[in-house]
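Below is the file entry-v2.txt, which contains compact mmCIF, C-alpha atoms (C1' of nucleotides).
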# COMPACT_ATOMS: atom_id res chain seq x y z
CA MET A 1 2.88 5.48 -7.62
CA ASP A 2 3.99 2.06 -8.61
CA LEU A 3 2.05 -0.62 -10.33
CA SER A 4 1.21 -3.23 -7.74
CA ALA A 5 2.39 -6.80 -8.04
CA LYS A 6 -1.24 -7.80 -8.30
CA GLY A 7 -1.73 -5.55 -11.29
CA GLU A 8 1.39 -6.75 -13.01
CA TYR A 9 0.51 -10.38 -12.37
CA GLY A 10 -2.97 -9.84 -13.72
CA ILE A 11 -1.67 -8.44 -16.98
CA LEU A 12 0.96 -11.17 -17.28
CA ALA A 13 -1.60 -13.89 -16.65
CA ALA A 14 -4.03 -12.53 -19.21
CA LEU A 15 -1.21 -12.09 -21.69
CA ASP A 16 -0.15 -15.66 -21.11
CA LEU A 17 -3.68 -16.86 -21.84
CA ALA A 18 -3.85 -14.73 -24.95
CA LEU A 19 -0.52 -15.95 -26.30
CA THR A 20 -1.22 -19.61 -25.55
CA ARG A 21 -3.62 -20.37 -28.33
CA ASP A 22 -4.62 -23.89 -27.46
CA ALA A 23 -7.71 -26.03 -27.72
CA THR A 24 -7.50 -27.06 -24.11
CA PRO A 25 -7.67 -24.54 -21.30
CA VAL A 26 -4.45 -23.34 -19.67
CA GLN A 27 -3.82 -24.41 -16.11
CA ALA A 28 -2.88 -21.99 -13.37
CA LYS A 29 0.20 -24.05 -12.62
CA ALA A 30 1.51 -23.56 -16.14
CA ILE A 31 0.94 -19.82 -16.04
CA ALA A 32 2.62 -19.56 -12.66
CA GLU A 33 5.72 -21.33 -13.91
CA ARG A 34 5.99 -19.40 -17.16
CA GLN A 35 5.42 -15.99 -15.58
CA CYS A 36 7.18 -16.64 -12.27
CA ILE A 37 4.12 -15.94 -10.15
CA PRO A 38 3.49 -17.70 -6.81
CA ILE A 39 0.78 -20.20 -7.67
CA LYS A 40 -1.46 -19.57 -4.68
CA PHE A 41 -1.32 -15.87 -5.25
CA LEU A 42 -2.10 -16.36 -8.91
CA GLU A 43 -5.25 -18.27 -7.98
CA HIS A 44 -6.66 -15.16 -6.31
CA ILE A 45 -5.86 -13.08 -9.33
CA LEU A 46 -7.42 -15.53 -11.75
CA ARG A 47 -10.51 -15.65 -9.60
CA ALA A 48 -10.77 -11.87 -9.75
CA LEU A 49 -10.40 -11.94 -13.51
CA ARG A 50 -13.07 -14.61 -13.66
CA ASN A 51 -15.49 -12.66 -11.45
CA ALA A 52 -15.02 -9.70 -13.74
CA GLY A 53 -16.04 -11.83 -16.70
CA LEU A 54 -12.72 -11.52 -18.46
CA VAL A 55 -11.72 -15.14 -18.05
CA GLU A 56 -13.58 -18.44 -18.07
CA SER A 57 -12.62 -21.48 -16.09
CA SER A 58 -13.39 -25.16 -16.09
CA ARG A 59 -12.66 -27.56 -13.30
CA GLY A 60 -11.67 -31.17 -13.09
CA ILE A 61 -8.86 -33.17 -14.52
CA HIS A 62 -8.51 -31.22 -17.76
CA GLY A 63 -9.60 -27.94 -16.30
CA GLY A 64 -7.98 -24.57 -16.66
CA TYR A 65 -8.56 -21.02 -17.81
CA ARG A 66 -9.24 -19.26 -21.10
CA LEU A 67 -10.15 -15.77 -22.15
CA ALA A 68 -13.87 -15.08 -22.05
CA LYS A 69 -13.68 -12.76 -25.05
CA PRO A 70 -11.34 -11.96 -27.91
CA ALA A 71 -8.14 -10.28 -26.76
CA ALA A 72 -8.98 -7.25 -28.88
CA GLU A 73 -12.00 -6.61 -26.67
CA ILE A 74 -10.15 -6.72 -23.38
CA LEU A 75 -8.72 -3.41 -22.26
CA VAL A 76 -5.75 -3.19 -19.94
CA GLY A 77 -7.84 -0.94 -17.71
CA ASP A 78 -10.33 -3.77 -17.38
CA LEU A 79 -7.60 -6.10 -16.19
CA ILE A 80 -6.21 -3.65 -13.66
CA GLN A 81 -9.61 -2.77 -12.28
CA ALA A 82 -10.68 -6.38 -12.10
CA VAL A 83 -7.66 -7.20 -10.00
CA GLU A 84 -7.16 -4.03 -7.94
CA GLY A 85 -10.70 -2.79 -7.66
CA PRO A 86 -12.22 0.21 -9.38
CA ILE A 87 -9.86 3.10 -10.02
CA ALA A 88 -12.40 5.88 -9.73
CA GLY A 89 -14.91 6.70 -7.06
CA THR A 90 -13.07 5.37 -4.05
CA HIS A 91 -11.50 8.51 -2.67
CA ARG A 92 -12.79 9.72 0.67
CA PRO A 93 -11.31 13.06 1.72
CA HIS A 94 -9.98 13.02 5.26
CA GLY A 95 -12.78 15.21 6.57
CA THR A 96 -15.56 12.78 5.69
CA ARG A 97 -14.95 10.39 8.52
CA ASN A 98 -17.47 11.86 10.96
CA GLY A 99 -20.61 9.82 10.65
CA SER A 100 -23.07 12.08 12.38
CA ASN A 101 -22.75 15.74 11.56
CA GLY A 102 -22.52 16.71 7.94
CA LYS A 103 -21.15 20.15 8.61
CA SER A 104 -17.70 19.58 7.08
CA LEU A 105 -16.27 23.04 7.41
CA HIS A 106 -13.38 22.59 5.04
CA SER A 107 -15.50 21.07 2.34
CA SER A 108 -14.69 23.60 -0.35
CA ARG A 109 -11.00 22.80 -0.24
CA GLU A 110 -11.68 19.10 -0.06
CA ILE A 111 -14.13 19.14 -2.92
CA LEU A 112 -11.45 20.88 -4.91
CA ILE A 113 -8.84 18.24 -4.21
CA GLN A 114 -11.33 15.46 -4.75
CA THR A 115 -12.21 16.85 -8.16
CA LEU A 116 -8.56 17.24 -9.02
CA TRP A 117 -7.82 13.65 -8.10
CA ALA A 118 -10.83 12.44 -10.04
CA ASP A 119 -9.24 14.03 -13.09
CA VAL A 120 -6.02 12.17 -12.37
CA GLN A 121 -7.90 8.89 -12.11
CA ASP A 122 -9.68 9.60 -15.36
CA ALA A 123 -6.36 10.22 -17.04
CA MET A 124 -4.96 6.97 -15.71
CA LEU A 125 -7.95 5.00 -16.86
CA GLU A 126 -7.95 6.64 -20.25
CA THR A 127 -4.30 5.77 -20.72
CA LEU A 128 -4.80 2.19 -19.59
CA ASN A 129 -7.77 1.78 -21.89
CA LYS A 130 -5.84 2.91 -24.92
CA THR A 131 -4.21 -0.51 -25.03
CA THR A 132 -5.99 -3.81 -25.55
CA LEU A 133 -4.74 -7.25 -24.71
CA ALA A 134 -4.38 -7.87 -28.43
CA ASP A 135 -2.05 -4.88 -28.65
CA LEU A 136 0.10 -6.35 -25.91
CA CYS A 137 0.22 -9.68 -27.76
CA ARG A 138 1.39 -8.01 -30.92
CA GLN A 139 3.97 -5.94 -29.10
CA THR A 140 5.23 -9.00 -27.26
CA ARG A 141 5.73 -10.87 -30.49
CA GLU A 142 7.48 -7.89 -32.03
CA LEU A 143 9.85 -7.64 -29.10
CA ASP A 144 10.51 -11.36 -29.10
CA GLU A 145 11.30 -11.32 -32.80
CA GLN A 146 13.90 -8.65 -32.22
CA ARG A 147 15.53 -10.69 -29.49
CA VAL A 148 15.36 -14.38 -30.20
CA PRO A 149 17.18 -14.27 -33.58
CA MET A 150 20.24 -12.94 -31.78
CA TYR A 151 20.86 -16.39 -30.39
CA HIS A 152 20.43 -18.17 -33.73
CA ILE A 153 23.28 -16.54 -35.61
CA MET B 1 -5.47 4.39 -6.43
CA ASP B 2 -6.22 6.90 -3.77
CA LEU B 3 -4.49 10.13 -3.04
CA SER B 4 -2.45 9.62 0.10
CA ALA B 5 -3.06 11.68 3.20
CA LYS B 6 0.43 13.05 2.75
CA GLY B 7 -0.43 14.29 -0.71
CA GLU B 8 -3.68 15.85 0.40
CA TYR B 9 -2.03 17.51 3.38
CA GLY B 10 0.70 18.88 1.17
CA ILE B 11 -1.78 20.53 -1.14
CA LEU B 12 -3.85 21.84 1.75
CA ALA B 13 -0.79 23.29 3.46
CA ALA B 14 0.43 25.02 0.33
CA LEU B 15 -3.06 26.30 -0.34
CA ASP B 16 -3.24 27.64 3.18
CA LEU B 17 0.03 29.49 2.67
CA ALA B 18 -1.17 30.87 -0.62
CA LEU B 19 -4.49 32.06 0.76
CA THR B 20 -2.98 33.60 3.88
CA ARG B 21 -1.51 36.73 2.37
CA ASP B 22 0.30 38.12 5.32
CA ALA B 23 3.47 40.04 5.96
CA THR B 24 4.61 37.64 8.64
CA PRO B 25 5.25 33.99 7.90
CA VAL B 26 2.56 31.44 8.75
CA GLN B 27 3.28 29.05 11.57
CA ALA B 28 2.82 25.31 11.26
CA LYS B 29 0.53 25.33 14.27
CA ALA B 30 -1.87 27.71 12.54
CA ILE B 31 -1.96 25.66 9.37
CA ALA B 32 -2.51 22.49 11.35
CA GLU B 33 -5.50 23.95 13.15
CA ARG B 34 -7.09 25.48 10.09
CA GLN B 35 -6.66 22.40 7.90
CA CYS B 36 -7.13 19.78 10.61
CA ILE B 37 -3.74 18.20 10.11
CA PRO B 38 -1.79 16.56 12.97
CA ILE B 39 0.89 19.10 13.75
CA LYS B 40 3.80 16.72 14.00
CA PHE B 41 2.88 15.10 10.75
CA LEU B 42 2.54 18.47 9.10
CA GLU B 43 6.09 19.32 10.12
CA HIS B 44 7.39 16.46 7.97
CA ILE B 45 5.36 17.63 5.05
CA LEU B 46 6.47 21.22 5.37
CA ARG B 47 10.05 20.06 5.53
CA ALA B 48 9.60 18.11 2.32
CA LEU B 49 8.09 21.14 0.64
CA ARG B 50 10.98 23.20 1.87
CA ASN B 51 13.61 20.74 0.63
CA ALA B 52 11.94 20.86 -2.75
CA GLY B 53 12.33 24.62 -2.81
CA LEU B 54 8.61 25.31 -2.87
CA VAL B 55 8.44 26.83 0.57
CA GLU B 56 10.74 29.00 2.66
CA SER B 57 10.99 28.93 6.39
CA SER B 58 12.33 31.11 9.13
CA ARG B 59 12.94 30.03 12.67
CA GLY B 60 12.72 31.69 16.02
CA ILE B 61 9.99 33.40 17.87
CA HIS B 62 8.30 34.94 14.84
CA GLY B 63 9.22 32.15 12.49
CA GLY B 64 7.01 30.25 10.11
CA TYR B 65 6.57 29.34 6.48
CA ARG B 66 5.86 31.17 3.23
CA LEU B 67 5.79 30.23 -0.40
CA ALA B 68 9.16 30.43 -2.09
CA LYS B 69 7.64 31.54 -5.41
CA PRO B 70 4.40 33.02 -6.70
CA ALA B 71 1.49 30.60 -6.49
CA ALA B 72 1.10 30.78 -10.24
CA GLU B 73 4.48 29.14 -10.66
CA ILE B 74 3.82 26.22 -8.35
CA LEU B 75 2.28 23.21 -10.05
CA VAL B 76 0.21 20.69 -8.15
CA GLY B 77 2.46 18.00 -9.55
CA ASP B 78 5.39 19.72 -7.87
CA LEU B 79 3.61 19.59 -4.54
CA ILE B 80 2.70 15.94 -4.85
CA GLN B 81 6.14 14.90 -5.96
CA ALA B 82 7.83 16.96 -3.28
CA VAL B 83 5.81 15.19 -0.63
CA GLU B 84 5.45 11.66 -2.03
CA GLY B 85 8.62 11.35 -4.03
CA PRO B 86 8.98 11.35 -7.81
CA ILE B 87 6.08 9.84 -9.71
CA ALA B 88 8.05 8.50 -12.63
CA GLY B 89 11.10 6.31 -12.80
CA THR B 90 10.62 4.28 -9.67
CA HIS B 91 9.05 1.11 -11.00
CA ARG B 92 11.11 -2.05 -10.81
CA PRO B 93 9.44 -5.01 -12.50
CA HIS B 94 9.37 -8.12 -10.38
CA GLY B 95 11.98 -9.92 -12.46
CA THR B 96 14.73 -7.37 -11.87
CA ARG B 97 15.57 -8.44 -8.37
CA ASN B 98 18.48 -10.74 -9.25
CA GLY B 99 21.67 -8.84 -8.77
CA SER B 100 24.10 -11.07 -10.61
CA ASN B 101 22.87 -12.48 -13.89
CA GLY B 102 21.28 -10.13 -16.36
CA LYS B 103 19.55 -12.83 -18.37
CA SER B 104 15.98 -11.95 -17.40
CA LEU B 105 14.05 -14.36 -19.56
CA HIS B 106 10.71 -12.64 -19.31
CA SER B 107 12.15 -9.27 -20.06
CA SER B 108 10.11 -8.61 -23.18
CA ARG B 109 6.83 -8.86 -21.29
CA GLU B 110 8.19 -6.83 -18.44
CA ILE B 111 9.56 -4.10 -20.63
CA LEU B 112 6.12 -3.93 -22.16
CA ILE B 113 4.37 -3.46 -18.86
CA GLN B 114 7.00 -1.04 -17.66
CA THR B 115 6.50 1.10 -20.74
CA LEU B 116 2.77 0.95 -20.33
CA TRP B 117 2.98 2.10 -16.74
CA ALA B 118 5.39 4.86 -17.65
CA ASP B 119 2.66 6.17 -19.94
CA VAL B 120 0.21 6.07 -17.05
CA GLN B 121 2.60 8.01 -14.86
CA ASP B 122 3.11 10.56 -17.57
CA ALA B 123 -0.63 11.01 -17.86
CA MET B 124 -0.95 11.48 -14.12
CA LEU B 125 1.81 14.04 -14.02
CA GLU B 126 0.45 15.88 -17.00
CA THR B 127 -2.95 16.13 -15.37
CA LEU B 128 -1.51 17.28 -12.07
CA ASN B 129 0.61 19.88 -13.80
CA LYS B 130 -2.34 21.39 -15.59
CA THR B 131 -3.31 23.09 -12.33
CA THR B 132 -1.24 25.65 -10.48
CA LEU B 133 -1.55 26.65 -6.88
CA ALA B 134 -2.95 29.98 -8.07
CA ASP B 135 -5.72 28.08 -9.88
CA LEU B 136 -6.60 26.32 -6.66
CA CYS B 137 -6.73 29.64 -4.83
CA ARG B 138 -9.12 31.10 -7.37
CA GLN B 139 -11.30 28.01 -7.33
CA THR B 140 -11.36 27.99 -3.55
CA ARG B 141 -12.53 31.58 -3.44
CA GLU B 142 -15.16 30.87 -6.07
CA LEU B 143 -16.48 27.93 -4.10
CA ASP B 144 -16.47 29.88 -0.86
CA GLU B 145 -18.40 32.74 -2.46
CA GLN B 146 -21.09 30.30 -3.52
CA ARG B 147 -21.38 28.93 -0.01
CA VAL B 148 -20.86 31.61 2.58
CA PRO B 149 -23.71 33.91 1.39
CA MET B 150 -26.16 31.12 2.21
CA TYR B 151 -25.70 31.79 5.87
CA HIS B 152 -26.17 35.54 5.53
CA ILE B 153 -29.75 35.52 4.25
C1' DT C 1 -17.20 -45.88 -7.60
C1' DT C 2 -13.00 -44.54 -6.74
C1' DG C 3 -9.05 -41.67 -7.45
C1' DA C 4 -6.39 -38.10 -9.45
C1' DG C 5 -6.05 -33.52 -10.84
C1' DT C 6 -7.95 -29.21 -11.07
C1' DT C 7 -10.47 -25.02 -9.70
C1' DC C 8 -12.69 -22.69 -5.78
C1' DC C 9 -12.97 -20.62 -1.22
C1' DT C 10 -11.68 -18.91 3.45
C1' DA C 11 -8.44 -18.07 6.71
C1' DT C 12 -4.01 -16.87 8.24
C1' DC C 13 0.67 -15.41 8.25
C1' DT C 14 4.45 -12.23 7.05
C1' DT C 15 6.31 -8.17 5.45
C1' DT C 16 6.18 -3.58 4.02
C1' DC C 17 4.35 0.95 3.95
C1' DC C 18 1.57 4.72 5.80
C1' DT C 19 0.25 7.60 9.45
C1' DA C 20 1.20 9.58 13.55
C1' DT C 21 3.80 10.55 17.75
C1' DA C 22 7.86 11.37 20.80
C1' DT C 23 11.94 13.50 21.93
C1' DG C 24 15.31 16.53 21.66
C1' DA C 25 18.48 19.67 18.94
C1' DT C 26 18.92 24.05 16.70
C1' DC C 27 17.96 28.62 15.86
C1' DA C 28 16.01 33.61 16.40
C1' DG C 29 14.34 37.26 18.85
C1' DT C 30 13.18 39.69 23.44
C1' DA D 1 18.91 33.27 29.53
C1' DC D 2 14.17 32.38 28.26
C1' DT D 3 10.56 31.63 24.98
C1' DG D 4 8.72 29.82 20.92
C1' DA D 5 9.37 28.43 16.61
C1' DT D 6 11.63 25.19 13.03
C1' DC D 7 14.68 21.04 12.23
C1' DA D 8 15.98 16.20 12.67
C1' DT D 9 15.81 11.41 13.88
C1' DA D 10 13.77 7.53 15.81
C1' DT D 11 9.98 4.68 16.56
C1' DA D 12 5.29 2.94 17.66
C1' DG D 13 0.82 1.35 15.82
C1' DG D 14 -2.08 -0.02 12.39
C1' DA D 15 -3.48 -0.84 7.72
C1' DA D 16 -2.54 -2.74 3.37
C1' DA D 17 0.07 -5.70 0.26
C1' DG D 18 2.14 -9.98 -0.68
C1' DA D 19 2.20 -14.67 -0.10
C1' DT D 20 0.87 -19.18 1.92
C1' DA D 21 -2.14 -23.12 3.97
C1' DG D 22 -5.69 -26.39 3.96
C1' DG D 23 -9.39 -28.25 2.39
C1' DA D 24 -14.06 -28.30 -0.14
C1' DA D 25 -16.16 -28.88 -4.62
C1' DC D 26 -16.06 -30.31 -9.04
C1' DT D 27 -14.84 -33.14 -13.45
C1' DC D 28 -13.38 -36.83 -15.83
C1' DA D 29 -11.33 -41.37 -16.57
C1' DA D 30 -10.27 -45.95 -15.43
Spell out the structure here as structure tokens.
Amino acid sequence: MDLSAKGEYGILAALDLALTRDATPVQAKAIAERQCIPIKFLEHILRALRNAGLVESSRGIHGGYRLAKPAAEILVGDLIQAVEGPIAGTHRPHGTRNGSNGKSLHSSREILIQTLWADVQDAMLETLNKTTLADLCRQTRELDEQRVPMYHI
Amino acid sequence: MDLSAKGEYGILAALDLALTRDATPVQAKAIAERQCIPIKFLEHILRALRNAGLVESSRGIHGGYRLAKPAAEILVGDLIQAVEGPIAGTHRPHGTRNGSNGKSLHSSREILIQTLWADVQDAMLETLNKTTLADLCRQTRELDEQRVPMYHI
DNA sequence: TTGAGTTCCTATCTTTCCTATATGATCAGT
DNA sequence: ACTGATCATATAGGAAAGATAGGAACTCAA
């Protein structure tokens, strides 16, 4: 039950955009270098974020990416789902593969498990949606403040 | 974020053991047929459940499996973790792969994400542990009672 | 208009993990 | 000793994840 690389990259990329408050858009290349993400892989992730309406892009010589809304309005669950696909509603119990007959003898047990797992997914989503991108920004700055001064003394 | 076949099979197998109140142990073959699980695959799962101390086995001609404790004391989270490995404490952020130097520049962001995901795992586990095997038994019987009578009218 | 730099898109490759199977060893009872 | 079950390890096959390749489309500046 690990977080996928895709998911982690998505959060890191969005966090990078949120922390880089700049007039000009941020280029994928810059994000890739700062966050140590393979550039070609990052392009897919940024496209997913863009298709989900979380990020805007502009092309051409001074192109790049920026957040489509304030960081406080972007939930971590939005980022994960944009990149990894929807969390809920994808589970097909192993008995539902027969296309023709809808008999499904074991359905009661499978409905049970399906419901149980739906609860798990809800809990995951709820937890992810407790944190906004703005929260992550603040926490990042707090952590950095605790660390960087160590090297200045 | 689907439930793996392993996880589903594990729950189904345990549920089968719990519902089959019998003096003699239940054989893997019987479980496999009832729950539509490939027998050889089921053997792995039953072994995992046994190693976790959730199930007891006896060999020989009248061998088979039975629950090692009352169904009310077996949590669904126990079943899942027995079969799929521990849910928490496995995540390695993608920057922690360098064996030698412990500099880890991006550590603040990665610690952040790691903490966030730990919360998600906790939420999953908490949800899974809200239900015991005995609960699943009761729910199964309730669902079956609602269904079977339909065919008797 | 041309060229450079960027995003956008599709396809492919590589690796890892999941599912399932195969084979045989080990054990218990008749 | 024979039968029928669990136990253990190895491995095949396929799906998914991770990463890469190549070029089309677009924007702006010189």
| message | Which residues are close to region 5-12 of chain D, i.e. within 8 Å by all atoms listed in the file, leaving aside same-chain residues fewer than 6 positions away? Reply as JSON, numbers by chain. | response | {"B": [27, 57, 58, 59, 60, 61, 62, 63, 64], "C": [21, 25, 26, 27]}
Write to file, as a short mmCIF file (atom, residue, chain, number, x, y, z; two decimals), in the frame of the given file, the residues of the selection just made, with C-alpha atoms (C1' of nucleotides).
data_model
loop_
_atom_site.label_atom_id
_atom_site.label_comp_id
_atom_site.auth_asym_id
_atom_site.auth_seq_id
_atom_site.Cartn_x
_atom_site.Cartn_y
_atom_site.Cartn_z
CA GLN B 27 3.28 29.05 11.57
CA SER B 57 10.99 28.93 6.39
CA SER B 58 12.33 31.11 9.13
CA ARG B 59 12.94 30.03 12.67
CA GLY B 60 12.72 31.69 16.02
CA ILE B 61 9.99 33.40 17.87
CA HIS B 62 8.30 34.94 14.84
CA GLY B 63 9.22 32.15 12.49
CA GLY B 64 7.01 30.25 10.11
"C1'" DT C 21 3.80 10.55 17.75
"C1'" DA C 25 18.48 19.67 18.94
"C1'" DT C 26 18.92 24.05 16.70
"C1'" DC C 27 17.96 28.62 15.86
#
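The space separating CA of Ser4 (chain B) from CA of Met1 (chain A) comes to 10.3 Å.
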| task | Could you tell me how far CA of Ala13 (chain A) lies from CA of Asp119 (chain B), in Å and to one decimal? | result |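 One can read the CA of Ala13 (chain A) to CA of Asp119 (chain B) distance as 20.8 Å.
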| remark: Taken to one decimal, the CA of Gly77 (chain A)-CA of Ile45 (chain A) distance is 14.9 Å
Counting all atoms listed in the file, find residues at most 10 Å from (-13.8, 22.8, -6.0) (file frame) and give them as a compact mmCIF listing (two decimals) with C-alpha atoms, in the coordinates of the input.
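Result went into point_2.txt, see below:
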# COMPACT_ATOMS: atom_id res chain seq x y z
CA SER A 107 -15.50 21.07 2.34
CA SER A 108 -14.69 23.60 -0.35
CA ARG A 109 -11.00 22.80 -0.24
CA GLU A 110 -11.68 19.10 -0.06
CA ILE A 111 -14.13 19.14 -2.92
CA LEU A 112 -11.45 20.88 -4.91
CA ILE A 113 -8.84 18.24 -4.21
CA GLN A 114 -11.33 15.46 -4.75
CA THR A 115 -12.21 16.85 -8.16
CA LEU A 116 -8.56 17.24 -9.02
CA LEU B 136 -6.60 26.32 -6.66
CA CYS B 137 -6.73 29.64 -4.83
CA ARG B 138 -9.12 31.10 -7.37
CA GLN B 139 -11.30 28.01 -7.33
CA THR B 140 -11.36 27.99 -3.55
CA ARG B 141 -12.53 31.58 -3.44
CA GLU B 142 -15.16 30.87 -6.07
CA LEU B 143 -16.48 27.93 -4.10
CA ASP B 144 -16.47 29.88 -0.86
